[in-house]
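Trainee: One structure, as structure tokens, below. Some questions next.
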Amino acid sequence: MDITLSQCFIAVDDHDKALAFYRDALGLDVRNDVGFEGMRWVTLGSPAQPGVEIVLEPPLADPGASPADRQAAAELLAKGLLRGVIFSTDDVDATFERIRESGAEVLQELFDQPYGVRDCAFRDPSGNMIRFARRRTTG
């Protein structure tokens, strides 16, 4: 039995600002943009991984959520306490420069980690930590 990743979700508080980061700075393709009951979901993906999608969703994508729960989720997002994602890239140095030039907030400059990756980290416009990594080759 094969199990593969199909979708992952990232909470955002402003889809248009998020698109400027994920589409324009990262170069992901917009695959879908849907509104429902006053909420919006935008699905993006890398051309290199047609079967994997990233869904940008509201911080609490539940139409029945209480105002208090919506506020709590928004506060966690604003603090950067919701989980982000880690992207792999074959040229993490060029990726770092491209994203930094877009104006994104740098959380970690390029660094060779002791566990075998060279990586960096940014905040997306909603506060999520997004990492970019390349596994170092040994030789």
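All residue names refer to the structure tokens as shown: chains lettered A, B, ... in order, residues numbered from 1 in each chain, ligands numbered from 1 in order.
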Residues within 8 Å of region 23-28 of chain A, please, as a PDB file with N, CA and C atoms, in the first residue's frame. Count only C-alpha atoms; anything in the same chain fewer than 6 positions from it doesn't count.
Mentor:
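Ended up saving to selection.pdb:
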ATOM      1  N   LEU A  44      -2.020  26.116  -3.908  1.00  0.00           N
ATOM      2  CA  LEU A  44      -0.822  26.352  -4.711  1.00  0.00           C
ATOM      3  C   LEU A  44       0.005  25.083  -4.767  1.00  0.00           C
ATOM      4  N   GLY A  45       0.937  25.053  -5.694  1.00  0.00           N
ATOM      5  CA  GLY A  45       1.837  23.921  -5.768  1.00  0.00           C
ATOM      6  C   GLY A  45       3.031  24.215  -6.640  1.00  0.00           C
ATOM      7  N   SER A  46       4.016  23.365  -6.491  1.00  0.00           N
ATOM      8  CA  SER A  46       5.227  23.456  -7.299  1.00  0.00           C
ATOM      9  C   SER A  46       5.031  22.653  -8.578  1.00  0.00           C
ATOM     10  N   PRO A  47       5.458  23.195  -9.717  1.00  0.00           N
ATOM     11  CA  PRO A  47       5.385  22.407 -10.952  1.00  0.00           C
ATOM     12  C   PRO A  47       6.154  21.089 -10.840  1.00  0.00           C
ATOM     13  N   ARG A  98      16.667  35.219  -3.325  1.00  0.00           N
ATOM     14  CA  ARG A  98      15.419  35.592  -4.006  1.00  0.00           C
ATOM     15  C   ARG A  98      14.344  35.994  -3.000  1.00  0.00           C
ATOM     16  N   ILE A  99      14.199  35.217  -1.942  1.00  0.00           N
ATOM     17  CA  ILE A  99      13.148  35.515  -0.960  1.00  0.00           C
ATOM     18  C   ILE A  99      13.508  36.749  -0.144  1.00  0.00           C
ATOM     19  N   SER A 102      12.660  39.809  -1.911  1.00  0.00           N
ATOM     20  CA  SER A 102      11.226  40.086  -1.986  1.00  0.00           C
ATOM     21  C   SER A 102      10.748  40.912  -0.788  1.00  0.00           C
TER      22      SER A 102
END
Trainee: As an MDAnalysis selection string, list the residues of region 1-80 of chain A assigned to alpha helix (DSSP H) by DSSP on the backbone atoms of this structure.
Mentor: chainID A and resid 15:19 67:78
Trainee: Compile the contact shell of Glu37 (chain A) as a list of chain:residue names: residues with an atom at most 12 Å away, counting only C-alpha atoms, same-chain residues fewer than 5 positions apart removed.
Mentor: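 Residues meeting the cut-off are A:Pro58, A:Ala61, A:Asp62, A:Pro63, A:Gly64.
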Trainee: Limited to all heavy atoms, could you put the picked residues into a file as a short mmCIF file (atom, residue, chain, number, x, y, z; two decimals), in the first residue's frame?
Mentor:
data_model
loop_
_atom_site.label_atom_id
_atom_site.label_comp_id
_atom_site.auth_asym_id
_atom_site.auth_seq_id
_atom_site.Cartn_x
_atom_site.Cartn_y
_atom_site.Cartn_z
N PRO A 58 -8.03 30.18 6.16
CA PRO A 58 -8.18 31.08 7.32
C PRO A 58 -7.63 30.40 8.58
O PRO A 58 -7.55 29.18 8.65
CB PRO A 58 -9.70 31.26 7.43
CG PRO A 58 -10.25 30.87 6.11
CD PRO A 58 -9.31 29.85 5.54
N ALA A 61 -10.64 27.54 9.98
CA ALA A 61 -11.52 27.31 8.84
C ALA A 61 -12.70 26.43 9.23
O ALA A 61 -12.88 25.34 8.73
CB ALA A 61 -10.73 26.68 7.70
N ASP A 62 -13.51 26.94 10.13
CA ASP A 62 -14.70 26.23 10.57
C ASP A 62 -15.83 27.24 10.71
O ASP A 62 -15.79 28.09 11.61
CB ASP A 62 -14.43 25.54 11.91
CG ASP A 62 -15.63 24.80 12.47
OD1 ASP A 62 -16.75 24.94 11.93
OD2 ASP A 62 -15.45 24.07 13.45
N PRO A 63 -16.82 27.19 9.81
CA PRO A 63 -17.89 28.19 9.88
C PRO A 63 -18.63 28.21 11.20
O PRO A 63 -19.23 29.21 11.58
CB PRO A 63 -18.83 27.81 8.73
CG PRO A 63 -18.22 26.69 8.00
CD PRO A 63 -17.00 26.24 8.73
N GLY A 64 -18.59 27.12 11.97
CA GLY A 64 -19.30 27.05 13.24
C GLY A 64 -18.45 27.44 14.44
O GLY A 64 -18.91 27.34 15.58
#
Trainee: Counting only C-alpha atoms, figure out which residue out of A:Phe132, A:Asp16, A:Leu77, A:Asp91 gets nearest to Val30 (chain A).
Mentor: A:Asp16
Trainee: So that I can check the surroundings of Val92 (chain A), please list as a list in words every protein, DNA and RNA residue that reaches within 7 Å of it, counting only C-alpha atoms and ignoring chain neighbours fewer than 3 positions away.
Mentor: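 Listed by chain and then number, they are Thr89, Thr95, Phe96, Asp119, Phe132, Ala133 and Arg134 of chain A.
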Trainee: Mind checking which residues fall within 12 Å of region 9-15 of chain A, counting only C-alpha atoms, ignoring those fewer than 4 positions away in the same chain, and posting them as a CSV table (one decimal) with all heavy atoms, in the first residue's frame?
Mentor:
chain,number,residue,atom,x,y,z
A,5,LEU,N,1.7,12.1,0.4
A,5,LEU,CA,1.1,13.4,0.8
A,5,LEU,C,0.4,14.0,-0.4
A,5,LEU,O,0.9,14.1,-1.5
A,5,LEU,CB,2.2,14.3,1.3
A,5,LEU,CG,1.8,15.7,1.7
A,5,LEU,CD1,1.0,15.7,3.0
A,5,LEU,CD2,3.0,16.6,1.9
A,19,LEU,N,-0.4,35.4,-1.2
A,19,LEU,CA,-0.1,35.1,-2.6
A,19,LEU,C,1.1,35.9,-3.0
A,19,LEU,O,1.9,35.3,-3.8
A,19,LEU,CB,-1.3,35.5,-3.4
A,19,LEU,CG,-2.4,34.5,-3.5
A,19,LEU,CD1,-3.6,35.1,-4.2
A,19,LEU,CD2,-2.0,33.2,-4.2
A,20,ALA,N,1.3,37.1,-2.6
A,20,ALA,CA,2.6,37.8,-3.0
A,20,ALA,C,3.8,37.0,-2.5
A,20,ALA,O,4.8,37.1,-3.2
A,20,ALA,CB,2.5,39.2,-2.4
A,21,PHE,N,3.7,36.3,-1.4
A,21,PHE,CA,4.8,35.6,-0.9
A,21,PHE,C,4.9,34.2,-1.6
A,21,PHE,O,5.9,33.9,-2.2
A,21,PHE,CB,4.7,35.4,0.6
A,21,PHE,CG,5.8,34.6,1.2
A,21,PHE,CD1,7.1,35.1,1.5
A,21,PHE,CD2,5.6,33.2,1.6
A,21,PHE,CE1,8.1,34.4,2.0
A,21,PHE,CE2,6.6,32.5,2.2
A,21,PHE,CZ,7.9,33.1,2.4
A,22,TYR,N,3.9,33.4,-1.5
A,22,TYR,CA,3.9,32.0,-2.0
A,22,TYR,C,4.0,31.9,-3.5
A,22,TYR,O,4.7,31.1,-4.1
A,22,TYR,CB,2.8,31.2,-1.4
A,22,TYR,CG,2.9,30.9,0.0
A,22,TYR,CD1,2.3,31.7,1.0
A,22,TYR,CD2,3.7,29.9,0.5
A,22,TYR,CE1,2.5,31.5,2.3
A,22,TYR,CE2,3.9,29.7,1.8
A,22,TYR,CZ,3.3,30.5,2.7
A,22,TYR,OH,3.5,30.3,4.1
A,23,ARG,N,3.2,32.8,-4.2
A,23,ARG,CA,3.2,32.8,-5.7
A,23,ARG,C,4.3,33.6,-6.2
A,23,ARG,O,5.1,33.1,-7.0
A,23,ARG,CB,1.9,33.3,-6.2
A,23,ARG,CG,1.7,33.4,-7.7
A,23,ARG,CD,0.6,34.2,-8.2
A,23,ARG,NE,0.7,35.6,-7.7
A,23,ARG,CZ,-0.3,36.3,-7.4
A,23,ARG,NH1,-1.6,35.9,-7.5
A,23,ARG,NH2,-0.1,37.6,-6.9
A,30,VAL,N,-0.7,29.0,-8.7
A,30,VAL,CA,-2.0,28.9,-8.1
A,30,VAL,C,-2.8,27.9,-8.9
A,30,VAL,O,-2.9,28.0,-10.1
A,30,VAL,CB,-2.7,30.3,-8.2
A,30,VAL,CG1,-4.1,30.3,-7.7
A,30,VAL,CG2,-1.9,31.4,-7.4
A,33,ASP,N,-8.7,28.9,-6.3
A,33,ASP,CA,-9.0,30.0,-5.5
A,33,ASP,C,-10.5,30.0,-5.2
A,33,ASP,O,-11.3,30.3,-6.1
A,33,ASP,CB,-8.5,31.3,-6.1
A,33,ASP,CG,-8.5,32.5,-5.2
A,33,ASP,OD1,-9.3,32.5,-4.2
A,33,ASP,OD2,-7.8,33.5,-5.5
A,34,VAL,N,-10.9,29.6,-4.0
A,34,VAL,CA,-12.3,29.3,-3.7
A,34,VAL,C,-12.8,30.1,-2.5
A,34,VAL,O,-12.1,30.2,-1.5
A,34,VAL,CB,-12.5,27.8,-3.4
A,34,VAL,CG1,-13.9,27.5,-3.1
A,34,VAL,CG2,-12.0,26.9,-4.6
A,35,GLY,N,-13.9,30.7,-2.7
A,35,GLY,CA,-14.6,31.3,-1.5
A,35,GLY,C,-15.8,30.5,-1.1
A,35,GLY,O,-16.5,29.9,-2.0
A,39,MET,N,-15.3,32.7,3.7
A,39,MET,CA,-13.9,32.3,3.8
A,39,MET,C,-13.3,32.1,2.5
A,39,MET,O,-14.0,32.0,1.5
A,39,MET,CB,-13.8,31.1,4.7
A,39,MET,CG,-14.2,31.4,6.2
A,39,MET,SD,-14.0,29.9,7.2
A,39,MET,CE,-15.5,29.1,6.9
A,40,ARG,N,-12.0,32.0,2.4
A,40,ARG,CA,-11.3,31.8,1.2
A,40,ARG,C,-10.2,30.8,1.3
A,40,ARG,O,-9.5,30.8,2.4
A,40,ARG,CB,-10.7,33.1,0.7
A,40,ARG,CG,-10.0,33.1,-0.6
A,40,ARG,CD,-9.5,34.5,-0.9
A,40,ARG,NE,-8.7,34.5,-2.2
A,40,ARG,CZ,-8.0,35.5,-2.6
A,40,ARG,NH1,-7.9,36.6,-1.8
A,40,ARG,NH2,-7.3,35.5,-3.7
A,41,TRP,N,-10.1,29.9,0.4
A,41,TRP,CA,-9.0,28.9,0.3
A,41,TRP,C,-8.3,29.1,-1.0
A,41,TRP,O,-8.9,29.2,-2.1
A,41,TRP,CB,-9.5,27.5,0.4
A,41,TRP,CG,-10.0,27.1,1.7
A,41,TRP,CD1,-9.3,26.5,2.7
A,41,TRP,CD2,-11.3,27.3,2.2
A,41,TRP,NE1,-10.1,26.3,3.8
A,41,TRP,CE2,-11.4,26.8,3.5
A,41,TRP,CE3,-12.5,27.9,1.7
A,41,TRP,CZ2,-12.5,26.9,4.3
A,41,TRP,CZ3,-13.6,28.0,2.5
A,41,TRP,CH2,-13.6,27.4,3.8
A,42,VAL,N,-6.9,29.2,-1.0
A,42,VAL,CA,-6.1,29.3,-2.2
A,42,VAL,C,-5.2,28.1,-2.2
A,42,VAL,O,-4.5,27.8,-1.2
A,42,VAL,CB,-5.3,30.6,-2.3
A,42,VAL,CG1,-4.4,30.6,-3.5
A,42,VAL,CG2,-6.3,31.8,-2.3
A,43,THR,N,-5.2,27.3,-3.3
A,43,THR,CA,-4.4,26.1,-3.4
A,43,THR,C,-3.2,26.4,-4.4
A,43,THR,O,-3.5,27.0,-5.4
A,43,THR,CB,-5.2,24.9,-3.9
A,43,THR,OG1,-6.3,24.7,-3.1
A,43,THR,CG2,-4.4,23.7,-4.0
A,44,LEU,N,-2.0,26.1,-3.9
A,44,LEU,CA,-0.8,26.4,-4.7
A,44,LEU,C,0.0,25.1,-4.8
A,44,LEU,O,-0.2,24.2,-3.9
A,44,LEU,CB,0.0,27.4,-4.1
A,44,LEU,CG,-0.6,28.8,-3.8
A,44,LEU,CD1,-0.8,29.0,-2.4
A,44,LEU,CD2,0.2,29.9,-4.5
A,45,GLY,N,0.9,25.1,-5.7
A,45,GLY,CA,1.8,23.9,-5.8
A,45,GLY,C,3.0,24.2,-6.6
A,45,GLY,O,3.0,25.2,-7.4
A,52,VAL,N,1.1,17.4,-5.1
A,52,VAL,CA,1.1,17.9,-3.8
A,52,VAL,C,0.7,19.4,-3.8
A,52,VAL,O,1.1,20.1,-4.7
A,52,VAL,CB,2.6,17.9,-3.2
A,52,VAL,CG1,2.6,18.5,-1.8
A,52,VAL,CG2,3.1,16.4,-3.1
A,53,GLU,N,-0.3,19.7,-2.9
A,53,GLU,CA,-0.8,21.0,-2.9
A,53,GLU,C,-0.7,21.6,-1.5
A,53,GLU,O,-0.8,20.9,-0.5
A,53,GLU,CB,-2.3,21.0,-3.3
A,53,GLU,CG,-2.6,20.5,-4.6
A,53,GLU,CD,-4.0,20.4,-5.0
A,53,GLU,OE1,-4.9,20.1,-4.1
A,53,GLU,OE2,-4.4,20.6,-6.2
A,54,ILE,N,-0.5,22.9,-1.5
A,54,ILE,CA,-0.5,23.7,-0.3
A,54,ILE,C,-1.7,24.5,-0.3
A,54,ILE,O,-2.0,25.2,-1.3
A,54,ILE,CB,0.8,24.6,-0.2
A,54,ILE,CG1,2.0,23.8,-0.1
A,54,ILE,CG2,0.7,25.6,1.0
A,54,ILE,CD1,3.3,24.6,-0.3
A,55,VAL,N,-2.5,24.4,0.8
A,55,VAL,CA,-3.8,25.2,0.9
A,55,VAL,C,-3.6,26.3,1.9
A,55,VAL,O,-3.3,26.1,3.0
A,55,VAL,CB,-4.9,24.3,1.3
A,55,VAL,CG1,-6.2,25.0,1.3
A,55,VAL,CG2,-5.1,23.1,0.3
A,56,LEU,N,-3.8,27.5,1.4
A,56,LEU,CA,-3.8,28.7,2.3
A,56,LEU,C,-5.2,28.9,2.8
A,56,LEU,O,-6.1,29.1,2.0
A,56,LEU,CB,-3.3,29.9,1.5
A,56,LEU,CG,-1.9,29.8,0.8
A,56,LEU,CD1,-1.6,31.1,0.1
A,56,LEU,CD2,-0.9,29.5,1.8
A,57,GLU,N,-5.4,28.8,4.1
A,57,GLU,CA,-6.7,28.8,4.6
A,57,GLU,C,-6.8,29.8,5.8
A,57,GLU,O,-5.8,30.2,6.3
A,57,GLU,CB,-7.1,27.4,5.2
A,57,GLU,CG,-6.3,27.0,6.4
A,57,GLU,CD,-6.8,25.7,7.0
A,57,GLU,OE1,-7.8,25.1,6.5
A,57,GLU,OE2,-6.1,25.2,7.9
A,58,PRO,N,-8.0,30.2,6.2
A,58,PRO,CA,-8.2,31.1,7.3
A,58,PRO,C,-7.6,30.4,8.6
A,58,PRO,O,-7.6,29.2,8.6
A,58,PRO,CB,-9.7,31.3,7.4
A,58,PRO,CG,-10.3,30.9,6.1
A,58,PRO,CD,-9.3,29.8,5.5
A,59,PRO,N,-7.3,31.2,9.6
A,59,PRO,CA,-6.7,30.6,10.8
A,59,PRO,C,-7.6,29.6,11.5
A,59,PRO,O,-7.1,28.6,12.1
A,59,PRO,CB,-6.5,31.8,11.7
A,59,PRO,CG,-6.4,33.0,10.8
A,59,PRO,CD,-7.2,32.6,9.6
A,60,LEU,N,-8.9,29.7,11.4
A,60,LEU,CA,-9.8,28.7,11.9
A,60,LEU,C,-10.9,28.5,10.9
A,60,LEU,O,-11.9,29.2,10.8
A,60,LEU,CB,-10.4,29.2,13.2
A,60,LEU,CG,-11.2,28.1,14.0
A,60,LEU,CD1,-10.3,26.9,14.3
A,60,LEU,CD2,-11.7,28.7,15.3
A,61,ALA,N,-10.6,27.5,10.0
A,61,ALA,CA,-11.5,27.3,8.8
A,61,ALA,C,-12.7,26.4,9.2
A,61,ALA,O,-12.9,25.3,8.7
A,61,ALA,CB,-10.7,26.7,7.7
A,70,ARG,N,-12.1,31.8,17.2
A,70,ARG,CA,-11.5,32.6,16.1
A,70,ARG,C,-10.4,33.6,16.5
A,70,ARG,O,-9.4,33.7,15.9
A,70,ARG,CB,-12.6,33.3,15.3
A,70,ARG,CG,-13.5,32.4,14.5
A,70,ARG,CD,-14.4,33.2,13.6
A,70,ARG,NE,-15.4,32.4,13.0
A,70,ARG,CZ,-15.2,31.5,12.1
A,70,ARG,NH1,-14.0,31.4,11.5
A,70,ARG,NH2,-16.1,30.7,11.6
A,71,GLN,N,-10.7,34.3,17.6
A,71,GLN,CA,-9.8,35.2,18.2
A,71,GLN,C,-8.5,34.5,18.7
A,71,GLN,O,-7.4,35.0,18.4
A,71,GLN,CB,-10.4,36.0,19.3
A,71,GLN,CG,-9.5,37.1,19.9
A,71,GLN,CD,-9.1,38.2,19.0
A,71,GLN,OE1,-9.9,38.5,18.1
A,71,GLN,NE2,-7.9,38.7,19.1
A,73,ALA,N,-7.3,31.6,17.7
A,73,ALA,CA,-6.5,31.2,16.5
A,73,ALA,C,-5.8,32.3,15.8
A,73,ALA,O,-4.6,32.2,15.5
A,73,ALA,CB,-7.4,30.5,15.5
A,74,ALA,N,-6.4,33.5,15.7
A,74,ALA,CA,-5.8,34.7,15.1
A,74,ALA,C,-4.6,35.1,15.9
A,74,ALA,O,-3.6,35.5,15.4
A,74,ALA,CB,-6.8,35.8,15.0
A,75,GLU,N,-4.7,35.1,17.3
A,75,GLU,CA,-3.6,35.5,18.1
A,75,GLU,C,-2.5,34.5,18.0
A,75,GLU,O,-1.3,35.0,18.0
A,75,GLU,CB,-4.1,35.6,19.6
A,75,GLU,CG,-5.1,36.8,19.8
A,75,GLU,CD,-5.7,36.8,21.2
A,75,GLU,OE1,-5.4,35.9,22.0
A,75,GLU,OE2,-6.6,37.7,21.4
A,76,LEU,N,-2.7,33.2,18.0
A,76,LEU,CA,-1.6,32.3,17.8
A,76,LEU,C,-0.9,32.5,16.5
A,76,LEU,O,0.3,32.4,16.4
A,76,LEU,CB,-2.1,30.9,17.9
A,76,LEU,CG,-2.6,30.4,19.3
A,76,LEU,CD1,-3.3,29.0,19.2
A,76,LEU,CD2,-1.4,30.3,20.2
A,77,LEU,N,-1.7,32.7,15.4
A,77,LEU,CA,-1.1,33.0,14.1
A,77,LEU,C,-0.2,34.3,14.2
A,77,LEU,O,0.9,34.3,13.7
A,77,LEU,CB,-2.2,33.2,13.1
A,77,LEU,CG,-1.7,33.5,11.6
A,77,LEU,CD1,-0.8,32.3,11.1
A,77,LEU,CD2,-2.9,33.7,10.7
A,78,ALA,N,-0.7,35.3,14.8
A,78,ALA,CA,0.0,36.6,14.8
A,78,ALA,C,1.3,36.4,15.6
A,78,ALA,O,2.3,37.1,15.3
A,78,ALA,CB,-0.8,37.7,15.5
A,80,GLY,N,3.1,33.7,15.4
A,80,GLY,CA,4.0,32.8,14.7
A,80,GLY,C,4.0,31.4,15.4
A,80,GLY,O,5.0,30.7,15.2
A,81,LEU,N,3.0,31.1,16.1
A,81,LEU,CA,3.0,29.8,16.9
A,81,LEU,C,2.3,28.7,16.2
A,81,LEU,O,2.2,27.6,16.7
A,81,LEU,CB,2.4,30.0,18.3
A,81,LEU,CG,3.1,31.0,19.2
A,81,LEU,CD1,2.4,31.2,20.5
A,81,LEU,CD2,4.5,30.5,19.4
A,82,LEU,N,1.8,28.9,15.0
A,82,LEU,CA,1.2,27.8,14.2
A,82,LEU,C,2.3,27.2,13.3
A,82,LEU,O,3.2,27.9,13.0
A,82,LEU,CB,0.0,28.3,13.4
A,82,LEU,CG,-1.1,28.9,14.2
A,82,LEU,CD1,-2.3,29.3,13.2
A,82,LEU,CD2,-1.7,27.9,15.2
A,83,ARG,N,2.2,26.0,13.0
A,83,ARG,CA,3.2,25.3,12.2
A,83,ARG,C,3.3,25.8,10.8
A,83,ARG,O,2.3,26.0,10.2
A,83,ARG,CB,3.0,23.8,12.3
A,83,ARG,CG,3.2,23.2,13.6
A,83,ARG,CD,4.7,23.2,13.9
A,83,ARG,NE,4.9,22.6,15.2
A,83,ARG,CZ,6.0,22.9,15.9
A,83,ARG,NH1,6.9,23.8,15.5
A,83,ARG,NH2,6.2,22.3,17.1
A,84,GLY,N,4.5,25.9,10.3
A,84,GLY,CA,4.7,26.2,8.9
A,84,GLY,C,5.1,24.9,8.1
A,84,GLY,O,4.8,23.8,8.5
A,85,VAL,N,5.9,25.1,7.1
A,85,VAL,CA,6.4,24.0,6.3
A,85,VAL,C,7.9,24.2,6.0
A,85,VAL,O,8.4,25.3,6.2
A,85,VAL,CB,5.6,23.9,5.0
A,85,VAL,CG1,4.2,23.5,5.2
A,85,VAL,CG2,5.8,25.1,4.1
A,86,ILE,N,8.5,23.1,5.6
A,86,ILE,CA,9.9,23.1,5.2
A,86,ILE,C,9.9,22.7,3.7
A,86,ILE,O,9.4,21.6,3.4
A,86,ILE,CB,10.8,22.1,6.0
A,86,ILE,CG1,10.7,22.5,7.5
A,86,ILE,CG2,12.2,22.1,5.5
A,86,ILE,CD1,11.4,21.5,8.4
A,123,ARG,N,9.7,34.4,7.7
A,123,ARG,CA,8.3,34.5,8.1
A,123,ARG,C,7.5,34.9,6.9
A,123,ARG,O,7.9,35.8,6.1
A,123,ARG,CB,8.1,35.6,9.2
A,123,ARG,CG,8.4,35.2,10.5
A,123,ARG,CD,7.5,35.9,11.6
A,123,ARG,NE,8.1,35.8,12.9
A,123,ARG,CZ,8.0,34.6,13.6
A,123,ARG,NH1,7.4,33.6,13.1
A,123,ARG,NH2,8.6,34.6,14.8
A,124,ASP,N,6.4,34.2,6.7
A,124,ASP,CA,5.5,34.6,5.7
A,124,ASP,C,4.7,35.8,6.2
A,124,ASP,O,4.8,36.2,7.3
A,124,ASP,CB,4.6,33.5,5.2
A,124,ASP,CG,3.4,33.1,6.1
A,124,ASP,OD1,3.2,33.8,7.2
A,124,ASP,OD2,2.7,32.1,5.8
A,125,PRO,N,3.9,36.5,5.4
A,125,PRO,CA,3.2,37.7,5.8
A,125,PRO,C,2.2,37.5,7.0
A,125,PRO,O,1.9,38.5,7.6
A,125,PRO,CB,2.4,38.1,4.5
A,125,PRO,CG,3.2,37.6,3.4
A,125,PRO,CD,3.7,36.3,3.9
A,126,SER,N,1.8,36.3,7.2
A,126,SER,CA,0.9,36.0,8.4
A,126,SER,C,1.7,35.6,9.6
A,126,SER,O,1.1,35.5,10.7
A,126,SER,CB,0.0,34.8,8.0
A,126,SER,OG,-0.9,35.2,6.9
A,127,GLY,N,3.0,35.4,9.6
A,127,GLY,CA,3.8,35.1,10.7
A,127,GLY,C,4.3,33.7,10.8
A,127,GLY,O,5.0,33.4,11.7
A,128,ASN,N,3.9,32.8,9.9
A,128,ASN,CA,4.3,31.5,9.9
A,128,ASN,C,5.8,31.4,9.6
A,128,ASN,O,6.3,32.1,8.7
A,128,ASN,CB,3.6,30.6,8.8
A,128,ASN,CG,2.1,30.6,9.1
A,128,ASN,OD1,1.7,30.1,10.1
A,128,ASN,ND2,1.3,31.1,8.2
A,129,MET,N,6.5,30.5,10.2
A,129,MET,CA,7.9,30.2,9.9
A,129,MET,C,7.9,29.2,8.7
A,129,MET,O,7.4,28.2,8.8
A,129,MET,CB,8.7,29.6,11.1
A,129,MET,CG,10.1,29.3,10.7
A,129,MET,SD,11.2,28.8,12.0
A,129,MET,CE,10.4,27.4,12.7
A,130,ILE,N,8.6,29.6,7.7
A,130,ILE,CA,8.8,28.8,6.5
A,130,ILE,C,10.3,28.6,6.3
A,130,ILE,O,11.1,29.6,6.2
A,130,ILE,CB,8.2,29.5,5.2
A,130,ILE,CG1,6.8,29.9,5.5
A,130,ILE,CG2,8.3,28.6,4.0
A,130,ILE,CD1,5.8,28.8,5.8
Trainee: Between CA of Gln49 (chain A) and CA of Phe111 (chain A), what is the distance, to one decimal in Å?
Mentor: 25.8 Å
Trainee: Write down as a count of residues only the residues of region 9-123 of chain A whose backbone DSSP state falls under strand (DSSP E).
Mentor: 41
Trainee: Could you tell me which of A:Lys79, A:Asp29, A:Phe122, A:Gly51 comes closest to Glu101 (chain A) if we count only C-alpha atoms?
Mentor: A:Phe122
Trainee: In Å, with one decimal, what is the gap from CA of Ala72 (chain A) to CA of Arg131 (chain A)?
Mentor: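 Interatomic distance, CA of Ala72 (chain A) to CA of Arg131 (chain A): 24.7 Å.
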Trainee: Which is closest to Ser88 (chain A) among A:Cys8, A:Pro114, A:Ala121, A:Arg31, if we use only C-alpha atoms?
Mentor: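 Answer, going by the shortest atom-to-atom distance: A:Ala121.
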Trainee: Between A:Ala48, A:Arg136, A:Pro67, A:Gly38, which has the minimum distance to Asp112 (chain A) (counting only C-alpha atoms)?
Mentor: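 Of A:Ala48, A:Arg136, A:Pro67, A:Gly38, the one nearest Asp112 (chain A), counting only C-alpha atoms, is A:Arg136.
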Trainee: Please, what distance in Å, to one decimal, runs between CA of Ile3 (chain A) and CA of Arg118 (chain A)?
Mentor: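 CA of Arg118 (chain A) lies 27.8 Å from CA of Ile3 (chain A).
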